[in-house]
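A short write-up of the structure that comes next.
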There are 2 protein chains.
Amino acid sequence: MADRRPTMKDVATLAGVSLSTVSRVVNGDPGRPDLAKRVQEAVDLLGYERDLTASTLRRADRASGSIGLLLTDVGNPFFASVLRGIEDVARTHSSMTIVASSDEDPDRERALAATLTARRVDGLIIVPAGMDNSYLQGRRAHVPLVFIDRPPRYLDADAVLSDNYGGARLAAEHLLRHGHTRIAFLGDRHTLHTAAERLRGYQSSVTEPLVCTDLDTAESAEAATHKLLDEHAPTALLTGQNLITIGAARALRTRGEQHRIALVGFDDVPLADLLDPGITVVAQQPVELGRQAASRLFARIDGDTGPTQSVTIATQLVERGSGEIRPASR
Amino acid sequence: MADRRPTMKDVATLAGVSLSTVSRVVNGDPGRPDLAKRVQEAVDLLGYERDLTASTLRRADRASGSIGLLLTDVGNPFFASVLRGIEDVARTHSSMTIVASSDEDPDRERALAATLTARRVDGLIIVPAGMDNSYLQGRRAHVPLVFIDRPPRYLDADAVLSDNYGGARLAAEHLLRHGHTRIAFLGDRHTLHTAAERLRGYQSSVTEPLVCTDLDTAESAEAATHKLLDEHAPTALLTGQNLITIGAARALRTRGEQHRIALVGFDDVPLADLLDPGITVVAQQPVELGRQAASRLFARIDGDTGPTQSVTIATQLVERGSGEIRPASR
DNA sequence: TTGTAGGCGTTATCAC
DNA sequence: GTGATAACGCCTACAA
């Protein structure tokens with residue numbers, strides 16, 4: 001159906017010059033003006049487009065101009081923002097991003113990492129799902145690796161993380177300052193690094209911990225909130241993640257207690273300011289997370305051989321009302 | 001610093017067989033069991049990984065196992081979901097997705113389309129930003145193209161779109177059924193296909209149109225809402241997009257009129273059910289949009305040469321309260 | 001069934 | 001500065 005794509009050879013023939021001249025012109029070497037012009041005309045006429053994959057294969061630096069991003073789910077707005085930050089930086093290095101979602105499946109993660117490196121990406125940014133990333137050890141020699149959101153396990157590599165511990169402390173202390181002593185923590189699966197850090201931050205500031213973990217849907221969080229309120233009567237809730245915050249907010253609203261029980265959520269939720277009360281949160285900076293990770297990666301790609309670095313991005317408390325409720329005097 | 005990557009040749013030497021034998025084994029041709037085993041051992045020992053880019057170059061079908069997605073902004077949750085849908089389908093075709101954001105800049109769109117095809121993606125899915133996509137005409141012969149969310153202009157190509165017209169009609173009629181006659185429409189830039197279609201749907205069902213367009217931030221929408229309410233006293237609002245819905249909801253809440261003025265938004269907003277009242281919306285199906293677009297693309301890649309198709313994905317009215325408010329009797 | 005040789009489209013190294 | 005030629009890593013006739 002479609003014609004064969006024009007190659008450099010076709011351009012050379014049409015322009016009446018040699019292959020090498022075309023290559024040079026296409027790569028920006030001016031050369032003799034009249035020849036350059038003839039080449040350019042032939043390129044336009046044929047609609048010639050250089051084959052970057054062939055170019056990569058032959059080039060000395062073997063750079064493909066693409067990086068891989070291996071995360072758990074691109075559909076998650078948090079990671080979508082991370083991707084956006086990465087793309088912003090990649091653009092300045094004229095690199096494109098190949099994305100893949102592991103869906104928290106370690107086997108998929110391994111498989112995807114393999115096909116990404118097989119495609120000869122110049123570097124890889126990873127949100128690890130598995131408990132052991134040592135399978136990347138061998139590849140680390142050939143392709144720079146940067147971990148994001150969660151640190152590498154059993155592997156030495158650069159990492160860019162949110163200040164989960166500090167953020168949770170910030171939230172807990174905010175509630176303490178507002179007079180609460182019975183503060184409950186609702187968290188995600190305890191095996192997740194981020195969840196564990198947030199729990200640790202909470203525990204470090206609260207004297208009587210009241211903890212419920214391993215919640216990973218808004219529904220389970222909603223049910224857990226009801227149970228917690230019924231059985232332990234906390235005056236404040238600290239929720240360790242997006243969906244948990246939503247579940248807890250639903251539960252509070254169902255009980256009509258959204259103005260009586262304080263709530264601080266980790267991770268921002270959209271429209272949180274429109275609710276009544278607005279939900280106070282500890283916000284992460286996903287775009288910045290992506291930017292920093294990409295910056296580190298390109299530094300490595302460009303030859304930085306320094307010791308591995310772990311960067312921590314600050315979190316910010318955003319007061320909107322729900323976190324400033326004081327406990328009812330008895 | 002790092003060793004050269006092992007090649008097929010290295011594997012062949014170590015296994016004591018020829019290059020082609022390695023190639024066959026690596027590509028799944030069993031051959032003589034003992035040789036296959038020797039090859040496999042050498043592969044494991046060296047940590048050999050086939051170079052997919054070189055493979056593509058030489059292979060008969062020249063398939064790279066990657067597709068390009070060119071959209072306006074991956075950071076936008078709507079498009080993040082679209083991407084997720086695409087990835088789901090791409091996975092079943094063992095293809096990876098390269099994403100790029102044009103930021104609504106036609107020049108960037110052209111440039112990105114060029115580098116994507118130069119990387120020899122097997123196909124391209126595009127959310128067009130420009131007013132004229134005919135620049136893709138030449139490439140269409142070499143790489144399948146599918147448009148998504150917005151139709152191609154001055155170019156004949158497959159498209160997968162939301163039912164913007166029908167959805168807006170649905171919303172307007174829902175309000176009419178609840179007794180409203182003064183329904184205002186707040187829309188995005190009128191040059192956007194989606195915005196124009198939604199406006200058209202609204203106009204087709206309302207007798208006295210009250211229209212404000214070219215809003216593209218929550219802030220401008222908020223201001224426009226105040227102005228509209230002050231000057232024209234509508235009893236219901238139909239907002240043409242995510243951010244506009246949020247801006248309008250803010251304005252209503254500021255005025256304390258969220259229980260008096262009806263509101264239906266186009267495009268779902270997260271947490272809309274937690275507000276008081278919940279926001280009634282016409283929801284799109286971004287994941288499905290992505291799936292269908294990817295399905296069409298792979299059909300083309302696999303040789304479908306039928307006439308171009310335009311698929312429309314249904315929208316759904318989700319009642320949550322704000323759209324069921326009746327006009328106050330005078 | 002295995003090995004040999006040629007070439008995919010490009011860049012790098014040479015003579016000229 | 002230009003042009004011929006040899007790779008890059010792999011696949012695929014074809015011959016053995």
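Quick note on naming: the chains in the structure tokens go A, B, ... in the order shown, residues restart at 1 in each chain, and ligands are numbered from 1 in order of appearance.
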Using only C-alpha atoms (C1' of nucleotides), determine which residues lie at most 9 Å from Ala15 of chain A, disregarding the query and same-chain residues fewer than 2 positions distant; provide the list as an mmCIF file with N, CA and C atoms, in the first residue's frame.
data_model
loop_
_atom_site.group_PDB
_atom_site.id
_atom_site.type_symbol
_atom_site.label_atom_id
_atom_site.label_comp_id
_atom_site.auth_asym_id
_atom_site.auth_seq_id
_atom_site.Cartn_x
_atom_site.Cartn_y
_atom_site.Cartn_z
ATOM 1 N N ASP A 10 18.408 7.617 -0.962
ATOM 2 C CA ASP A 10 17.505 8.227 -1.938
ATOM 3 C C ASP A 10 17.779 9.724 -2.041
ATOM 4 N N VAL A 11 17.961 10.345 -0.905
ATOM 5 C CA VAL A 11 18.236 11.779 -0.892
ATOM 6 C C VAL A 11 19.550 12.056 -1.626
ATOM 7 N N ALA A 12 20.552 11.226 -1.340
ATOM 8 C CA ALA A 12 21.865 11.405 -1.967
ATOM 9 C C ALA A 12 21.770 11.297 -3.483
ATOM 10 N N THR A 13 21.064 10.279 -3.922
ATOM 11 C CA THR A 13 20.902 10.074 -5.358
ATOM 12 C C THR A 13 20.231 11.277 -6.004
ATOM 13 N N VAL A 17 24.755 13.839 -4.643
ATOM 14 C CA VAL A 17 25.927 13.916 -3.765
ATOM 15 C C VAL A 17 26.108 12.548 -3.108
ATOM 16 N N SER A 18 27.125 12.451 -2.287
ATOM 17 C CA SER A 18 27.357 11.164 -1.640
ATOM 18 C C SER A 18 26.548 11.045 -0.356
ATOM 19 N N VAL A 22 25.068 13.888 2.719
ATOM 20 C CA VAL A 22 23.708 13.998 3.236
ATOM 21 C C VAL A 22 23.723 13.866 4.751
ATOM 22 N N LEU A 35 25.912 22.628 -2.044
ATOM 23 C CA LEU A 35 25.561 21.224 -1.830
ATOM 24 C C LEU A 35 24.503 21.097 -0.740
ATOM 25 N N ARG A 38 21.181 21.836 -2.133
ATOM 26 C CA ARG A 38 20.656 20.742 -2.972
ATOM 27 C C ARG A 38 20.118 19.612 -2.098
ATOM 28 N N VAL A 39 20.878 19.303 -1.049
ATOM 29 C CA VAL A 39 20.441 18.245 -0.143
ATOM 30 C C VAL A 39 19.106 18.619 0.504
ATOM 31 N N GLN A 40 19.036 19.837 1.008
ATOM 32 C CA GLN A 40 17.826 20.285 1.675
ATOM 33 C C GLN A 40 16.617 20.187 0.763
ATOM 34 N N GLU A 41 16.820 20.576 -0.481
ATOM 35 C CA GLU A 41 15.719 20.499 -1.443
ATOM 36 C C GLU A 41 15.253 19.068 -1.651
ATOM 37 N N ALA A 42 16.232 18.182 -1.767
ATOM 38 C CA ALA A 42 15.886 16.769 -1.963
ATOM 39 C C ALA A 42 15.136 16.225 -0.747
ATOM 40 N N VAL A 43 15.586 16.633 0.436
ATOM 41 C CA VAL A 43 14.931 16.206 1.674
ATOM 42 C C VAL A 43 13.467 16.636 1.664
#
Show which residues sit within 7 Å of segment 241-256 of chain B, as a ChimeraX atom specification. Count only C-alpha atoms (C1' of nucleotides), and ignore same-chain residues fewer than 3 positions away. /A:274 /B:187-188,217-219,221-222,225-226,265-269
Within 6 Å of chain A, which residues of chain C come that close, and what is the closest atom pair and distance in Å for each? Count only C-alpha atoms (C1' of nucleotides) and give it as CSV.
residue,atom,partner,partner_atom,distance
C:DG9,C1',A:Ala54,CA,5.4
C:DT10,C1',A:Ser55,CA,4.8
C:DT11,C1',A:Arg58,CA,5.4
Restricting the output to N, CA and C atoms (P, O5', C5', C4', C3', O3' and C1' of nucleotides), write the selected residues as a PDB file, in the first residue's frame.
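Final output, saved to again_22.pdb:
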ATOM      1  P    DG C   9      16.300   0.660   4.718  1.00  0.00           P
ATOM      2  O5'  DG C   9      17.047   1.781   5.584  1.00  0.00           O
ATOM      3  C5'  DG C   9      16.424   2.275   6.767  1.00  0.00           C
ATOM      4  C4'  DG C   9      17.444   3.076   7.539  1.00  0.00           C
ATOM      5  C3'  DG C   9      17.997   4.288   6.784  1.00  0.00           C
ATOM      6  O3'  DG C   9      17.843   5.434   7.586  1.00  0.00           O
ATOM      7  C1'  DG C   9      19.752   2.957   7.643  1.00  0.00           C
ATOM      8  P    DT C  10      18.436   6.862   7.183  1.00  0.00           P
ATOM      9  O5'  DT C  10      19.781   6.900   8.010  1.00  0.00           O
ATOM     10  C5'  DT C  10      19.700   6.989   9.426  1.00  0.00           C
ATOM     11  C4'  DT C  10      21.007   6.591  10.047  1.00  0.00           C
ATOM     12  C3'  DT C  10      22.129   7.612   9.890  1.00  0.00           C
ATOM     13  O3'  DT C  10      22.136   8.439  11.053  1.00  0.00           O
ATOM     14  C1'  DT C  10      22.896   5.326   9.697  1.00  0.00           C
ATOM     15  P    DT C  11      23.110   9.718  11.032  1.00  0.00           P
ATOM     16  O5'  DT C  11      24.514   9.119  11.505  1.00  0.00           O
ATOM     17  C5'  DT C  11      24.633   8.625  12.834  1.00  0.00           C
ATOM     18  C4'  DT C  11      26.011   8.014  13.007  1.00  0.00           C
ATOM     19  C3'  DT C  11      27.165   9.014  12.984  1.00  0.00           C
ATOM     20  O3'  DT C  11      28.057   8.618  14.012  1.00  0.00           O
ATOM     21  C1'  DT C  11      27.550   7.333  11.401  1.00  0.00           C
TER      22       DT C  11
END
From the options A:Gly323, A:Pro307, A:Gly47, A:Gly31, which residue's atoms come nearest to chain B, counting only C-alpha atoms?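 Smallest distance to chain B is found for A:Gly47.
Remark: for Thr21 of chain A, the closest of the candidate residues A:Asp214, A:Asp132, A:Asp34, A:Glu257 is A:Asp34 (distances computed over only C-alpha atoms).
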At most 9 Å to chain B: residues in chain D, only C-alpha atoms (C1' of nucleotides), as a PyMOL selection string: chain D and resi 8-12
Take the residues from that selection and put them in a file with C-alpha atoms (C1' of nucleotides), as a tab-separated table (two decimals), in the first residue's frame.
chain	number	residue	atom	x	y	z
D	8	DC	C1'	26.63	-0.88	14.84
D	9	DG	C1'	23.70	-5.51	16.42
D	10	DC	C1'	20.71	-8.08	14.54
D	11	DC	C1'	17.61	-11.01	11.10
D	12	DT	C1'	17.02	-13.90	7.01
As a tab-separated table (two decimals) with C-alpha atoms, in the first residue's frame, could you give me every residue of chain A near chain B (at most 6 Å apart, counting only C-alpha atoms)?
chain	number	residue	atom	x	y	z
A	2	ALA	CA	2.39	2.66	1.19
A	51	ASP	CA	15.62	7.18	11.13
A	52	LEU	CA	16.61	7.87	14.71
A	53	THR	CA	16.75	4.20	15.63
A	75	GLY	CA	-3.87	6.63	35.74
A	77	PRO	CA	-3.25	11.64	39.23
A	80	ALA	CA	0.47	11.65	36.27
A	81	SER	CA	1.89	14.81	37.84
A	84	ARG	CA	4.60	15.67	33.86
A	97	THR	CA	9.57	9.30	27.90
A	98	ILE	CA	8.33	5.73	27.62
A	118	ALA	CA	16.03	-3.96	25.74
A	119	ARG	CA	14.74	-0.90	23.92
A	141	ALA	CA	26.23	-1.01	34.94
A	275	LEU	CA	-16.01	20.93	51.15
Non-local contacts of Leu199 of chain B (8 Å; only C-alpha atoms (C1' of nucleotides); under 6 positions in same chain excluded) as a list in words: Tyr165, Ala168, Phe185, Gly187 and Gly240 of chain B
From atom CA of Ala283 of chain A to atom CA of Leu161 of chain A the spacing works out at 13.4 Å
Segment 135-291 of chain A: which residues are helix (DSSP H, G or I) by DSSP, as a PyMOL selection string? chain A and resi 135-136+139-141+164-177+193-205+218-232+242-255+286-291
